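Inspection log for the structure reproduced underneath, given as structure tokens.
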Amino acid sequence: MIQPQTLLNVADNSGARKLMCIRVIGGAGNQRYARIGDVIVAVIKDALPQMPLQRSEVIRAVIVRTCKEFKCEDGIIIRYDDNAAVIIDQKGNPKGTRVF
Amino acid sequence: MTLVFISCSRAQNPGTGEGADELLEELLQKHGEVVYSSGGGGSAALASEADEDAECLSLAVSLAKVASEVKAADIRVLFVKPIVYWTEFFIILTAFSNAQIEAISSKMRDIGEQQFSRVASGDTKPNSWTLLDFGDVVVHIFLPPQREFYNLEEFYGNATPIELPFETQLQ
């Protein structure tokens with residue numbers, strides 16, 4: 001359940017460390033919460049130095065882990081300990097090379 | 001004759017003690033039949049697993065062959081089953097234009113559907129990193145700069161490469 005103002009960790013080696021969600025993409029424009037697999041617009045709140053991505057850049061990310069449980073069709077429920085996203089570009093390709 | 005024997009024993013030892021065990025053994029030997037055997041079942045499971053691996057390998061090799069017919073470059077087939085739990089084979093190849101990516105993916109989907117009856121999920125539009133997921137075989141189609149940037153061969157360096165029975169173009 002990721003909504004605007006949510007802080008997320010970054011799960012790749014793109015250089016950013018923390019993101020804050022500012023908009024949920026898709027779902028007819030009025031989707032309130034984003035789940036695993038949804039794309040969000042986020043701003044970088046914390047980044048590693050000397051990397052291509054810097055603080056206060058607006059980027060898109062896809063959510064990969066949520067603290068809210070995720071129910072699969074076969075009945076399995078998965079819940080992680082943190083909210084995390086992977087930074088992607090406009091076409092959907094990841095900006096980093098490794099995902100953690 | 002046998003029925004009489006059983007009823008006498010039951011009166012003496014009601015289902016307990018060594019006499020009951022012997023009786024049971026005798027009855028099993030006389031009238032029992034083997035329905036399930038773990039030893040035989042284990043080897044059958046391994047054999048079916050080897051069959052599935054062979055089918056996935058043949059799918060991977062035929063997809064790689066299709067790619068080489070469309071002049072994709074640097075085709076690598078990696079056996080990643082010991083490294084990754086969600087698939088068995090990776091095919092990594094380089095294409096040089098969106099039209100070529102489209103051609104490769106449509107031919108691969110056709111081969112998968114017609115010969116192996118597997119539908120691919122993944123990217124429908126060509127992209128600088130296009131993915132086709134046949135379940136046990138995952139195909140990565142890169143443009144040349146992306147292939148170097150993501151460098152999957154280094155990340156999966158522990159995977160055993162599969163030799164392809166045809167020549168691949170290297171660039």
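Going by the structure tokens order, chains are called A, B, ..., each with residues numbered from 1, while ligands are numbered from 1 in the order shown.
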*Just need the residues of chain A within 9 Å of chain B, counting only C-alpha atoms, so spit them out as a ChimeraX atom specification.*
/A:91-93,96-98
_DSSP-assigned strand (DSSP E) members of chain A, reported as JSON, numbers by chain_ = {"A": [7, 8, 9, 10, 16, 17, 18, 19, 20, 21, 22, 23, 24, 39, 40, 41, 42, 43, 44, 45, 46, 47, 58, 59, 60, 61, 62, 63, 64, 65, 70, 71, 77, 78, 84, 85, 86, 87, 88]}
*Please identify all polymer residues within 8 Å of range 1-15 of chain A, counting only C-alpha atoms, omitting same-chain residues fewer than 2 positions from it, and present them as a PyMOL selection string.*
chain A and resi 17-24+32-35+47-49+51-54+64+66-68+82-87+95-100
*Gap from CA of Ser105 in chain B to CA of Asp74 in chain B - Å, one decimal*: 16.1 Å
_From B:Leu131, B:Gly112, B:Ala95, B:Lys107, residue lying nearest Pro144 in chain B [only C-alpha atoms]_ = B:Ala95
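The nearest approach to Pro126 in chain B among the residues B:Glu88, B:Glu102, B:Asp53, B:Glu153, with only C-alpha atoms taken into account, belongs to B:Glu102.
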